[in-house]
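*Asks:* This is the content of structure21.cif (mmCIF, C-alpha atoms):
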```
data_my_file
#
loop_
_atom_site.label_atom_id
_atom_site.label_comp_id
_atom_site.auth_asym_id
_atom_site.auth_seq_id
_atom_site.Cartn_x
_atom_site.Cartn_y
_atom_site.Cartn_z
CA MET A 1 152.21 39.10 149.82
CA LYS A 2 155.28 41.33 149.61
CA LYS A 3 155.16 44.73 148.02
CA ILE A 4 158.09 46.67 146.68
CA GLU A 5 157.80 50.44 146.88
CA ILE A 6 159.83 52.56 144.50
CA LYS A 7 160.40 56.15 145.53
CA ILE A 8 161.67 58.33 142.69
CA GLU A 9 162.87 61.88 143.29
CA ILE A 10 163.34 64.13 140.26
CA GLU A 11 165.22 67.41 140.25
CA ARG A 12 164.34 69.50 137.22
CA LYS A 13 167.28 71.53 135.91
CA THR A 14 167.92 73.59 132.83
CA PHE A 15 169.47 70.73 130.86
CA PHE A 16 168.98 67.52 132.84
CA ILE A 17 166.51 65.56 134.84
CA PHE A 18 168.06 63.60 137.69
CA LEU A 19 166.26 60.57 139.06
CA SER A 20 166.98 59.10 142.46
CA VAL A 21 165.26 55.76 142.88
CA VAL A 22 164.69 54.00 146.18
CA LEU A 23 163.32 50.48 146.09
CA MET A 24 161.65 49.34 149.31
CA ILE A 25 160.25 45.95 150.16
CA ILE A 26 157.43 46.44 152.63
CA SER A 27 157.39 43.50 155.01
CA GLY A 28 153.81 44.09 156.08
CA PHE A 29 152.38 42.94 152.76
CA PHE A 30 152.73 39.17 152.86
CA LEU A 31 150.09 36.93 151.35
CA ILE A 32 149.53 34.62 154.32
CA LYS A 33 146.49 32.38 154.33
CA THR A 34 145.30 29.68 156.65
CA VAL A 35 142.26 28.04 155.13
CA GLN A 36 139.84 25.59 156.69
CA ALA A 37 138.92 23.88 153.45
CA ALA A 38 135.23 23.30 152.76
CA LEU A 39 135.40 19.54 152.12
CA THR A 40 132.12 18.04 150.93
CA CYS A 41 131.24 14.38 150.38
CA SER A 42 128.11 12.67 149.09
CA VAL A 43 126.93 9.37 147.65
CA THR A 44 126.01 9.87 144.02
CA ALA A 45 125.81 8.13 140.65
CA THR A 46 127.93 10.85 139.02
CA CYS A 47 131.17 12.31 140.41
CA ASN A 48 132.48 15.10 138.19
CA ALA A 49 136.03 16.50 138.30
CA PRO A 50 137.55 18.16 140.19
CA SER A 51 135.71 16.02 142.78
CA VAL A 52 137.01 12.46 143.15
CA VAL A 53 135.63 9.04 144.03
CA VAL A 54 137.20 7.80 147.28
CA PHE A 55 135.46 4.42 147.16
CA ARG A 56 132.42 2.76 145.57
CA MET A 57 129.52 0.90 147.23
CA SER A 58 127.10 -1.81 146.14
CA GLY A 59 124.22 0.10 147.72
CA ALA A 60 123.30 2.99 149.99
CA SER A 61 123.07 0.70 153.03
CA ASN A 62 124.19 -2.78 154.09
CA ALA A 63 126.69 -2.56 151.26
CA HIS A 64 130.07 -3.92 150.30
CA ALA A 65 132.81 -1.59 149.04
CA GLU A 66 135.33 -1.47 146.22
CA LEU A 67 138.30 0.74 145.42
CA PRO A 68 137.76 3.77 143.15
CA SER A 69 139.93 2.19 140.46
CA GLN A 70 137.40 -0.63 139.97
CA THR A 71 134.47 -0.49 137.54
CA THR A 72 132.03 -3.15 138.70
CA ALA A 73 128.64 -2.22 137.19
CA ALA A 74 126.69 -2.99 140.37
CA TYR A 75 128.67 -0.29 142.20
CA ASN A 76 128.14 2.51 139.64
CA ALA A 77 125.10 4.05 141.34
CA ASN A 78 126.72 4.62 144.75
CA LEU A 79 129.97 6.52 144.39
CA VAL A 80 131.39 8.12 147.53
CA CYS A 81 132.36 11.44 145.91
CA CYS A 82 134.36 14.14 147.72
CA GLY A 83 135.29 17.65 146.57
CA GLY A 84 135.00 21.31 147.49
CA VAL A 85 138.76 21.82 148.03
CA THR A 86 141.46 22.64 145.50
CA GLY A 87 143.73 19.76 144.56
CA ILE A 88 141.74 16.95 146.21
CA GLY A 89 142.61 13.43 145.10
CA ASN A 90 142.40 9.77 146.10
CA ASP A 91 146.11 8.97 145.86
CA CYS A 92 147.17 6.70 148.72
CA ALA A 93 150.84 7.26 147.79
CA SER A 94 150.63 10.99 148.48
CA SER A 95 152.56 12.46 151.40
CA SER A 96 149.44 14.47 152.33
CA LYS A 97 146.73 11.84 152.57
CA ALA A 98 144.54 10.02 155.04
CA VAL A 99 143.12 6.51 154.84
CA ILE A 100 139.33 6.72 154.91
CA ALA A 101 138.83 2.98 155.33
CA LYS A 102 140.58 -0.32 154.67
CA LEU A 103 138.96 -2.88 152.39
CA TRP A 104 139.21 -6.66 152.66
CA GLY A 105 139.61 -6.85 148.86
CA ILE A 106 139.60 -4.54 145.89
CA THR A 107 135.88 -5.20 145.33
CA ASN A 108 132.91 -6.91 147.05
CA ALA A 109 134.67 -6.12 150.33
CA HIS A 110 133.89 -5.55 153.98
CA ILE A 111 135.72 -2.57 155.48
CA GLN A 112 137.51 -1.67 158.69
CA GLN A 113 138.72 1.50 160.35
CA ASN A 114 142.21 2.72 159.53
CA SER A 115 143.70 1.79 162.93
CA TYR A 116 143.26 -1.91 162.12
CA SER A 117 145.84 -3.88 160.15
CA GLU A 118 144.09 -6.97 158.79
CA TYR A 119 142.87 -5.39 155.54
CA THR A 120 145.46 -4.03 153.12
CA ASN A 121 143.45 -2.25 150.41
CA ASN A 122 143.27 1.41 151.35
CA ALA A 123 140.72 4.01 150.27
CA CYS A 124 142.18 7.52 150.68
CA ILE A 125 141.65 11.24 150.42
CA SER A 126 144.79 13.15 149.36
CA MET A 127 145.74 16.80 149.08
CA PRO A 128 148.69 18.75 147.59
CA ALA A 129 151.90 18.69 149.62
CA GLY A 130 151.82 20.95 152.65
CA ASN A 131 148.11 20.43 153.30
CA ASN A 132 146.58 18.28 156.02
CA VAL A 133 143.92 15.59 155.83
CA SER A 134 142.48 13.89 158.90
CA VAL A 135 139.93 11.12 159.45
CA ALA A 136 138.00 10.21 162.58
CA TYR A 137 135.24 7.72 163.38
CA ARG A 138 132.40 9.19 165.45
CA ASP A 139 129.30 7.82 167.10
CA THR A 140 126.14 9.50 165.80
CA ASN A 141 127.60 12.79 164.52
CA CYS A 142 130.83 14.22 163.12
CA ALA A 143 132.51 17.01 165.06
CA GLU A 144 132.20 20.66 164.05
CA GLY A 145 134.22 21.34 160.91
CA GLU A 146 134.22 17.69 159.84
CA THR A 147 132.38 16.21 156.87
CA VAL A 148 130.55 12.87 156.85
CA VAL A 149 132.13 10.72 154.14
CA ALA A 150 130.02 7.60 154.76
CA SER A 151 128.93 5.38 157.64
CA MET A 152 129.81 1.82 158.68
CA SER A 153 128.21 -0.94 160.73
CA GLY A 154 131.17 -1.41 163.08
CA ALA A 155 134.91 -0.96 163.53
CA THR A 156 135.95 -3.98 161.44
CA ASN A 157 134.41 -6.66 159.20
CA ALA A 158 131.80 -3.99 158.58
CA HIS A 159 129.24 -3.16 155.96
CA VAL A 160 129.13 0.38 154.63
CA GLY A 161 126.46 2.87 153.62
CA ASP A 162 125.68 6.52 153.07
CA SER A 163 125.77 9.09 155.87
CA ALA A 164 122.39 7.98 157.26
CA ALA A 165 122.86 4.19 157.07
CA TYR A 166 124.70 3.59 160.38
CA THR A 167 125.45 5.45 163.60
CA THR A 168 129.24 5.08 163.18
CA LYS A 169 130.26 7.94 160.91
CA ILE A 170 133.45 8.21 158.84
CA CYS A 171 134.40 11.87 159.30
CA ALA A 172 137.07 13.83 157.45
CA THR A 173 138.49 17.31 157.26
CA THR A 174 141.16 19.03 155.16
CA THR A 175 143.17 22.07 156.19
CA ALA A 176 145.49 24.13 154.01
CA THR A 177 148.64 25.26 155.78
CA VAL A 178 150.01 28.78 155.71
CA VAL A 179 151.11 30.05 152.31
CA SER A 180 153.81 32.69 152.79
CA ILE A 181 156.81 34.33 151.18
CA THR A 182 159.70 36.44 152.48
CA LEU A 183 162.25 38.62 150.69
CA ASP A 184 165.84 39.31 151.73
CA ARG A 185 165.92 42.99 150.70
CA GLU A 186 163.94 45.64 152.57
CA ASN A 187 165.09 48.72 150.69
CA PHE A 188 167.68 49.79 148.19
CA SER A 189 168.33 52.49 145.62
CA TYR A 190 168.96 52.29 141.89
CA GLY A 191 170.96 55.52 142.23
CA THR A 192 170.63 58.72 140.24
CA MET A 193 169.25 58.34 136.72
CA ASN A 194 168.52 60.64 133.82
CA ASN A 195 165.24 60.50 131.94
CA ASN A 196 165.10 57.86 129.20
CA THR A 197 167.75 55.67 130.84
CA ALA A 198 167.73 52.18 132.33
CA SER A 199 169.34 50.66 135.38
CA SER A 200 169.11 47.23 136.94
CA THR A 201 169.72 45.55 140.28
CA LEU A 202 172.73 43.81 138.73
CA SER A 203 174.84 46.81 139.75
CA LEU A 204 173.90 46.22 143.40
CA TRP A 205 175.17 43.56 145.82
CA SER A 206 177.81 42.25 143.37
CA GLY A 207 175.19 41.00 140.93
CA ALA A 208 173.17 38.95 143.42
CA GLY A 209 169.43 39.04 142.88
CA ILE A 210 166.60 39.60 145.32
CA ILE A 211 165.91 36.29 147.09
CA ALA A 212 162.32 35.15 147.64
CA THR A 213 161.98 32.31 150.16
CA ASN A 214 158.91 30.11 150.35
CA GLY A 215 157.15 29.21 153.58
CA ALA A 216 155.63 25.98 154.90
CA ALA A 217 153.55 24.95 151.88
CA VAL A 218 154.29 24.40 148.19
CA ALA A 219 153.44 27.64 146.38
CA ASP A 220 153.43 29.41 143.04
CA PHE A 221 155.28 32.75 142.99
CA TYR A 222 153.77 35.63 141.00
CA ILE A 223 155.01 39.15 140.31
CA TYR A 224 153.26 42.30 139.10
CA GLY A 225 153.72 46.06 139.01
CA ALA A 226 151.64 49.23 139.20
CA ASN A 227 151.44 52.77 137.94
CA SER A 228 153.47 55.16 140.04
CA ALA A 229 151.84 57.70 142.32
CA GLY A 230 152.99 61.33 142.39
CA THR A 231 151.45 64.70 143.13
CA GLY A 232 151.52 65.53 139.43
CA GLY A 233 149.59 62.45 138.34
CA GLY A 234 152.32 59.83 138.38
CA TRP A 235 153.76 57.71 135.62
CA THR A 236 152.11 54.91 133.64
CA LEU A 237 153.57 51.40 133.80
CA SER A 238 153.95 50.10 130.25
CA ASN A 239 154.94 46.70 128.92
CA ALA A 240 155.64 48.15 125.45
CA ASP A 241 157.92 51.19 125.78
CA ASN A 242 158.95 54.10 128.01
CA SER A 243 157.84 56.83 125.62
CA GLY A 244 156.31 60.02 126.96
CA ASN A 245 155.18 59.57 130.54
CA ASN A 246 155.47 55.75 130.43
CA TYR A 247 158.01 53.91 132.52
CA MET A 248 158.98 50.26 132.32
CA HIS A 249 159.89 47.81 135.03
CA LYS A 250 161.12 44.36 134.05
CA PHE A 251 162.03 41.18 135.90
CA CYS A 252 164.30 38.21 135.22
CA ASP A 253 164.27 34.85 137.03
CA ASP A 254 167.89 34.70 138.14
CA THR A 255 167.54 31.07 139.24
CA GLU A 256 166.46 29.74 135.86
CA SER A 257 167.79 32.33 133.37
CA VAL A 258 170.93 34.29 132.57
CA CYS A 259 170.12 37.82 133.72
CA THR A 260 173.48 39.48 133.12
CA GLY A 261 172.54 41.20 129.84
CA PRO A 262 169.33 43.16 130.32
CA PRO A 263 166.92 43.42 128.63
CA THR A 264 167.71 39.89 127.37
CA ASN A 265 165.64 37.38 129.38
CA TYR A 266 163.81 40.23 131.12
CA THR A 267 160.00 40.36 131.02
CA ALA A 268 158.05 43.59 131.30
CA LEU A 269 155.88 43.85 134.39
CA THR A 270 152.19 44.57 133.99
CA THR A 271 149.49 45.31 136.55
CA ASN A 272 148.32 41.69 136.31
CA PRO A 273 150.12 38.79 138.04
CA GLN A 274 152.69 36.92 135.96
CA ILE A 275 154.28 33.66 137.01
CA LEU A 276 157.73 34.05 138.53
CA GLU A 277 158.09 30.35 139.41
CA ALA A 278 155.59 27.51 139.81
CA ASN A 279 155.58 24.84 142.51
CA VAL A 280 158.30 26.28 144.70
CA ALA A 281 159.15 23.68 147.34
CA ILE A 282 158.70 24.21 151.05
CA ALA A 283 161.55 26.52 152.17
CA GLY A 284 162.64 26.78 148.51
CA THR A 285 164.13 30.00 147.13
CA ARG A 286 164.03 31.96 143.87
CA ALA A 287 166.31 34.82 142.93
CA PHE A 288 165.21 37.56 140.57
CA GLN A 289 166.59 40.78 139.11
CA LEU A 290 164.75 43.99 138.21
CA GLN A 291 165.40 46.61 135.54
CA LEU A 292 163.88 50.09 135.53
CA ALA A 293 163.58 52.36 132.46
CA THR A 294 162.59 55.97 133.14
CA PRO A 295 160.17 57.94 130.91
CA THR A 296 161.50 59.76 127.87
CA ALA A 297 159.49 62.88 128.71
CA PRO A 298 157.92 62.65 132.18
CA THR A 299 155.12 65.11 132.88
CA ASP A 300 155.23 64.59 136.65
CA PHE A 301 158.38 65.81 138.37
CA SER A 302 157.24 65.08 141.91
CA THR A 303 158.48 62.21 144.06
CA GLN A 304 157.04 58.99 142.64
CA SER A 305 155.95 55.91 144.54
CA ALA A 306 155.37 52.64 142.68
CA ILE A 307 154.71 49.10 143.85
CA VAL A 308 156.02 45.75 142.69
CA THR A 309 154.14 42.89 144.33
CA ILE A 310 155.57 39.42 144.91
CA GLN A 311 152.78 36.97 145.71
CA ALA A 312 152.71 33.38 146.90
CA SER A 313 149.59 31.35 146.10
CA ALA A 314 148.62 27.73 146.50
CA PRO A 315 149.13 25.80 143.21
#
```
Starting from the coordinates I provided, produce the structure as structure tokens.

*Replies:*
Amino acid sequence: MKKIEIKIEIERKTFFIFLSVVLMIISGFFLIKTVQAALTCSVTATCNAPSVVVFRMSGASNAHAELPSQTTAAYNANLVCCGGVTGIGNDCASSSKAVIAKLWGITNAHIQQNSYSEYTNNACISMPAGNNVSVAYRDTNCAEGETVVASMSGATNAHVGDSAAYTTKICATTTATVVSITLDRENFSYGTMNNNTASSTLSLWSGAGIIATNGAAVADFYIYGANSAGTGGGWTLSNADNSGNNYMHKFCDDTESVCTGPPTNYTALTTNPQILEANVAIAGTRAFQLQLATPTAPTDFSTQSAIVTIQASAP
């Protein structure tokens, strides 16, 4: 998470109010998360979204298997259902997937471990790009942090069953990678402003916006503001107008929109997160501009401090 601090100094004179605005990006406020996802798997007759079926079995023990895309009635009561993590799927074409087991055929099939090559019908667990999925085969028990998906009678040409059917366990774990965001500007000033006036970052750096760069996992970028803090009570962030003691702060996605004519294409910040850009690729960037409108009649003439937060979250 990145936070932008706005310091506003006001000098009260007989006829004018002068506003000096300093915009600071505080590098200590990243949203950085490493999550050991709580994957859960069970054998059930009903597998409700967002959980997914990774394969189907003819029974709870001494069973044959079929792919999740099949609908053989005899396999309906024993669905190997996995969930507990955001974005889980069974897509074997995903770049973030692991083969749970290989099936001899699409149904009525023996299975083998994923290191073998004789069987070509894969059953998989997948995750969104940038996340990790791993599978291991253990004798007796899965390792700490792993989840038992099912069990099998041997390494190949094997029958399959629930977690208690055989000593060879199919174990899986999912791990979300770090979600992070960085900004290229640490501090800058809007310059001196009167009350009831507006200024934007377009006048800085030859019109270039603030650049947000994504980290090592696909992420959604959000942006939100806050009321200012001052010794006289601060100013109120408004998404409607800058009347009275209200001030407005707006943003424009400079990558997708034309931001050269504020307030056209500018959206008023609120204290709740708003989407800046969804599904930003690994190492992808977004540029954005800001526009500040000072209050028409501020009641607090002390130095103000306000925050704009740029947040990266997993989709």

*Asks:* When the PyMOL selection byres ((chain A and resi 136-145) around 6) is applied to the structure above, which residues does it catch, written out as a compact mmCIF listing (two decimals) with C-alpha atoms, in the coordinates of the input?

*Replies:*
```txt
# COMPACT_ATOMS: atom_id res chain seq x y z
CA VAL A 135 139.93 11.12 159.45
CA GLU A 146 134.22 17.69 159.84
CA THR A 167 125.45 5.45 163.60
CA THR A 168 129.24 5.08 163.18
CA LYS A 169 130.26 7.94 160.91
CA ILE A 170 133.45 8.21 158.84
CA CYS A 171 134.40 11.87 159.30
```

*Asks:* Just checking: using only C-alpha atoms, which residue out of A:Ala164, A:Gln113, A:Met152, A:Gly232 ends up closest to Pro298 of chain A?

*Replies:*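 Smallest separation from Pro298 of chain A among the options: A:Gly232.
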
*Asks:* Do a neighbour search on segment 41-56 of chain A at 10 Å with all atoms listed in the file, toss out local chain neighbours closer than 2 positions, and write the hits as a PDB file with C-alpha atoms, in the frame of the given file.

*Replies:*
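Output (result-v4.pdb):
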```
ATOM      1  CA  LEU A  39     135.400  19.540 152.120  1.00  0.00           C
ATOM      2  CA  SER A  58     127.100  -1.810 146.140  1.00  0.00           C
ATOM      3  CA  GLY A  59     124.220   0.100 147.720  1.00  0.00           C
ATOM      4  CA  ALA A  60     123.300   2.990 149.990  1.00  0.00           C
ATOM      5  CA  ALA A  63     126.690  -2.560 151.260  1.00  0.00           C
ATOM      6  CA  HIS A  64     130.070  -3.920 150.300  1.00  0.00           C
ATOM      7  CA  ALA A  65     132.810  -1.590 149.040  1.00  0.00           C
ATOM      8  CA  GLU A  66     135.330  -1.470 146.220  1.00  0.00           C
ATOM      9  CA  LEU A  67     138.300   0.740 145.420  1.00  0.00           C
ATOM     10  CA  PRO A  68     137.760   3.770 143.150  1.00  0.00           C
ATOM     11  CA  SER A  69     139.930   2.190 140.460  1.00  0.00           C
ATOM     12  CA  GLN A  70     137.400  -0.630 139.970  1.00  0.00           C
ATOM     13  CA  THR A  71     134.470  -0.490 137.540  1.00  0.00           C
ATOM     14  CA  THR A  72     132.030  -3.150 138.700  1.00  0.00           C
ATOM     15  CA  ALA A  74     126.690  -2.990 140.370  1.00  0.00           C
ATOM     16  CA  TYR A  75     128.670  -0.290 142.200  1.00  0.00           C
ATOM     17  CA  ASN A  76     128.140   2.510 139.640  1.00  0.00           C
ATOM     18  CA  ALA A  77     125.100   4.050 141.340  1.00  0.00           C
ATOM     19  CA  ASN A  78     126.720   4.620 144.750  1.00  0.00           C
ATOM     20  CA  LEU A  79     129.970   6.520 144.390  1.00  0.00           C
ATOM     21  CA  VAL A  80     131.390   8.120 147.530  1.00  0.00           C
ATOM     22  CA  CYS A  81     132.360  11.440 145.910  1.00  0.00           C
ATOM     23  CA  CYS A  82     134.360  14.140 147.720  1.00  0.00           C
ATOM     24  CA  GLY A  83     135.290  17.650 146.570  1.00  0.00           C
ATOM     25  CA  GLY A  84     135.000  21.310 147.490  1.00  0.00           C
ATOM     26  CA  VAL A  85     138.760  21.820 148.030  1.00  0.00           C
ATOM     27  CA  THR A  86     141.460  22.640 145.500  1.00  0.00           C
ATOM     28  CA  GLY A  87     143.730  19.760 144.560  1.00  0.00           C
ATOM     29  CA  ILE A  88     141.740  16.950 146.210  1.00  0.00           C
ATOM     30  CA  GLY A  89     142.610  13.430 145.100  1.00  0.00           C
ATOM     31  CA  ASN A  90     142.400   9.770 146.100  1.00  0.00           C
ATOM     32  CA  ASP A  91     146.110   8.970 145.860  1.00  0.00           C
ATOM     33  CA  VAL A  99     143.120   6.510 154.840  1.00  0.00           C
ATOM     34  CA  ILE A 100     139.330   6.720 154.910  1.00  0.00           C
ATOM     35  CA  ALA A 101     138.830   2.980 155.330  1.00  0.00           C
ATOM     36  CA  LEU A 103     138.960  -2.880 152.390  1.00  0.00           C
ATOM     37  CA  ILE A 106     139.600  -4.540 145.890  1.00  0.00           C
ATOM     38  CA  THR A 107     135.880  -5.200 145.330  1.00  0.00           C
ATOM     39  CA  ASN A 108     132.910  -6.910 147.050  1.00  0.00           C
ATOM     40  CA  ASN A 122     143.270   1.410 151.350  1.00  0.00           C
ATOM     41  CA  ALA A 123     140.720   4.010 150.270  1.00  0.00           C
ATOM     42  CA  CYS A 124     142.180   7.520 150.680  1.00  0.00           C
ATOM     43  CA  ILE A 125     141.650  11.240 150.420  1.00  0.00           C
ATOM     44  CA  SER A 126     144.790  13.150 149.360  1.00  0.00           C
ATOM     45  CA  THR A 147     132.380  16.210 156.870  1.00  0.00           C
ATOM     46  CA  VAL A 148     130.550  12.870 156.850  1.00  0.00           C
ATOM     47  CA  VAL A 149     132.130  10.720 154.140  1.00  0.00           C
ATOM     48  CA  ALA A 150     130.020   7.600 154.760  1.00  0.00           C
ATOM     49  CA  VAL A 160     129.130   0.380 154.630  1.00  0.00           C
ATOM     50  CA  GLY A 161     126.460   2.870 153.620  1.00  0.00           C
ATOM     51  CA  ASP A 162     125.680   6.520 153.070  1.00  0.00           C
ATOM     52  CA  SER A 163     125.770   9.090 155.870  1.00  0.00           C
ATOM     53  CA  CYS A 171     134.400  11.870 159.300  1.00  0.00           C
ATOM     54  CA  ALA A 172     137.070  13.830 157.450  1.00  0.00           C
TER      55      ALA A 172
END
```

*Asks:* Do you have the atom CA of Thr260 of chain A-atom CA of Ala281 of chain A distance handy?

*Replies:*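 Distance between the two atoms: 25.6 Å.
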
*Asks:* Within 9 Å of (160.1, 61.3, 127.7) (file coordinates; all atoms listed in the file), which protein or nucleic acid residues are there? I'd like them as a ChimeraX atom specification.

*Replies:* /A:195-196,242-246,294-299

*Asks:* Just so the selection is clear, what residues does the PyMOL selection byres ((chain A and resi 274) around 10) cover here, as a list in words?

*Replies:*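 Matching residues under the PyMOL selection byres ((chain A and resi 274) around 10) are Phe221, Tyr222, Ile223, Tyr224, Gly225, Thr267, Ala268, Leu269, Thr270, Thr271, Asn272, Pro273, Ile275, Leu276, Glu277, Ile310 and Gln311 of chain A.
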
*Asks:* Since we have the selection now, will you write its residues out, keeping C-alpha atoms, as a PDB file, in the frame of the given file?

*Replies:*
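File result02.pdb, as written:
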```pdb
ATOM      1  CA  PHE A 221     155.280  32.750 142.990  1.00  0.00           C
ATOM      2  CA  TYR A 222     153.770  35.630 141.000  1.00  0.00           C
ATOM      3  CA  ILE A 223     155.010  39.150 140.310  1.00  0.00           C
ATOM      4  CA  TYR A 224     153.260  42.300 139.100  1.00  0.00           C
ATOM      5  CA  GLY A 225     153.720  46.060 139.010  1.00  0.00           C
ATOM      6  CA  THR A 267     160.000  40.360 131.020  1.00  0.00           C
ATOM      7  CA  ALA A 268     158.050  43.590 131.300  1.00  0.00           C
ATOM      8  CA  LEU A 269     155.880  43.850 134.390  1.00  0.00           C
ATOM      9  CA  THR A 270     152.190  44.570 133.990  1.00  0.00           C
ATOM     10  CA  THR A 271     149.490  45.310 136.550  1.00  0.00           C
ATOM     11  CA  ASN A 272     148.320  41.690 136.310  1.00  0.00           C
ATOM     12  CA  PRO A 273     150.120  38.790 138.040  1.00  0.00           C
ATOM     13  CA  ILE A 275     154.280  33.660 137.010  1.00  0.00           C
ATOM     14  CA  LEU A 276     157.730  34.050 138.530  1.00  0.00           C
ATOM     15  CA  GLU A 277     158.090  30.350 139.410  1.00  0.00           C
ATOM     16  CA  ILE A 310     155.570  39.420 144.910  1.00  0.00           C
ATOM     17  CA  GLN A 311     152.780  36.970 145.710  1.00  0.00           C
TER      18      GLN A 311
END
```

*Asks:* Quote the spacing between atom CA of Asp300 of chain A and atom CA of Thr201 of chain A in Å to one decimal place.

*Replies:*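 We find that atom CA of Asp300 of chain A and atom CA of Thr201 of chain A lie 24.2 Å from each other.
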
*Asks:* Identify, on the basis of all atoms listed in the file, every residue whose closest approach to Thr231 of chain A does not exceed 10 Å; exclude the query and any residue fewer than 6 positions from it along the same chain; express the result as a ChimeraX atom specification.

*Replies:* /A:300-305

*Asks:* Extract, using all atoms listed in the file, all DNA, RNA and protein residues at most 8 Å from Asn214 of chain A, discarding same-chain residues fewer than 3 positions from it, and format them as number ranges by chain.

*Replies:* A: 180-182, 217-219, 280-285, 312

*Asks:* With C-alpha atoms retained, write the just-selected residues as a short mmCIF file (atom, residue, chain, number, x, y, z; two decimals), in the coordinates of the input.

*Replies:*
```cif
data_model
loop_
_atom_site.label_atom_id
_atom_site.label_comp_id
_atom_site.auth_asym_id
_atom_site.auth_seq_id
_atom_site.Cartn_x
_atom_site.Cartn_y
_atom_site.Cartn_z
CA SER A 180 153.81 32.69 152.79
CA ILE A 181 156.81 34.33 151.18
CA THR A 182 159.70 36.44 152.48
CA ALA A 217 153.55 24.95 151.88
CA VAL A 218 154.29 24.40 148.19
CA ALA A 219 153.44 27.64 146.38
CA VAL A 280 158.30 26.28 144.70
CA ALA A 281 159.15 23.68 147.34
CA ILE A 282 158.70 24.21 151.05
CA ALA A 283 161.55 26.52 152.17
CA GLY A 284 162.64 26.78 148.51
CA THR A 285 164.13 30.00 147.13
CA ALA A 312 152.71 33.38 146.90
#
```

*Asks:* Please write as a CSV table (one decimal) with C-alpha atoms, in the frame of the given file the full residue list that the PyMOL selection byres ((chain A and resi 110) around 6) yields on this file.

*Replies:*
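Here's the written file result-v2.csv:
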```
chain,number,residue,atom,x,y,z
A,64,HIS,CA,130.1,-3.9,150.3
A,103,LEU,CA,139.0,-2.9,152.4
A,104,TRP,CA,139.2,-6.7,152.7
A,109,ALA,CA,134.7,-6.1,150.3
A,111,ILE,CA,135.7,-2.6,155.5
A,157,ASN,CA,134.4,-6.7,159.2
A,158,ALA,CA,131.8,-4.0,158.6
A,159,HIS,CA,129.2,-3.2,156.0
```

*Asks:* Compare A:Leu292, A:Val179, A:Ala287, A:Ala208 by their minimum atom-to-atom distance to Pro315 of chain A, counting only C-alpha atoms, and give me the closest one.

*Replies:*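 For Pro315 of chain A, the nearest of the candidates is A:Val179.
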
*Asks:* Could you check which of A:Thr213, A:Pro263, A:Lys102, A:Ala226 is closest to Ser238 of chain A, using all atoms listed in the file?

*Replies:* A:Ala226

*Asks:* Identify which of the residues A:Val258, A:Ala73, A:Ala198, A:Ala278 lies closest to Ala293 of chain A, counting all atoms listed in the file when measuring atom-to-atom distances.

*Replies:*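 The closest residue to Ala293 of chain A is A:Ala198.
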
*Asks:* Return as AutoDock Vina command-line options the centre and edge lengths, in Å with one decimal, of the box along x, y and z that encloses every atom of segment 142-159 of chain A in the file, padded by 3 Å per side.

*Replies:*
```
--center_x 132.1 --center_y 7.3 --center_z 159.6 --size_x 13.7 --size_y 34.0 --size_z 16.9
```

*Asks:* To one decimal place in Å, what is the distance between atom CA of Ser189 of chain A and atom CA of Gln291 of chain A?

*Replies:*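 These atoms are spaced 12.0 Å apart.
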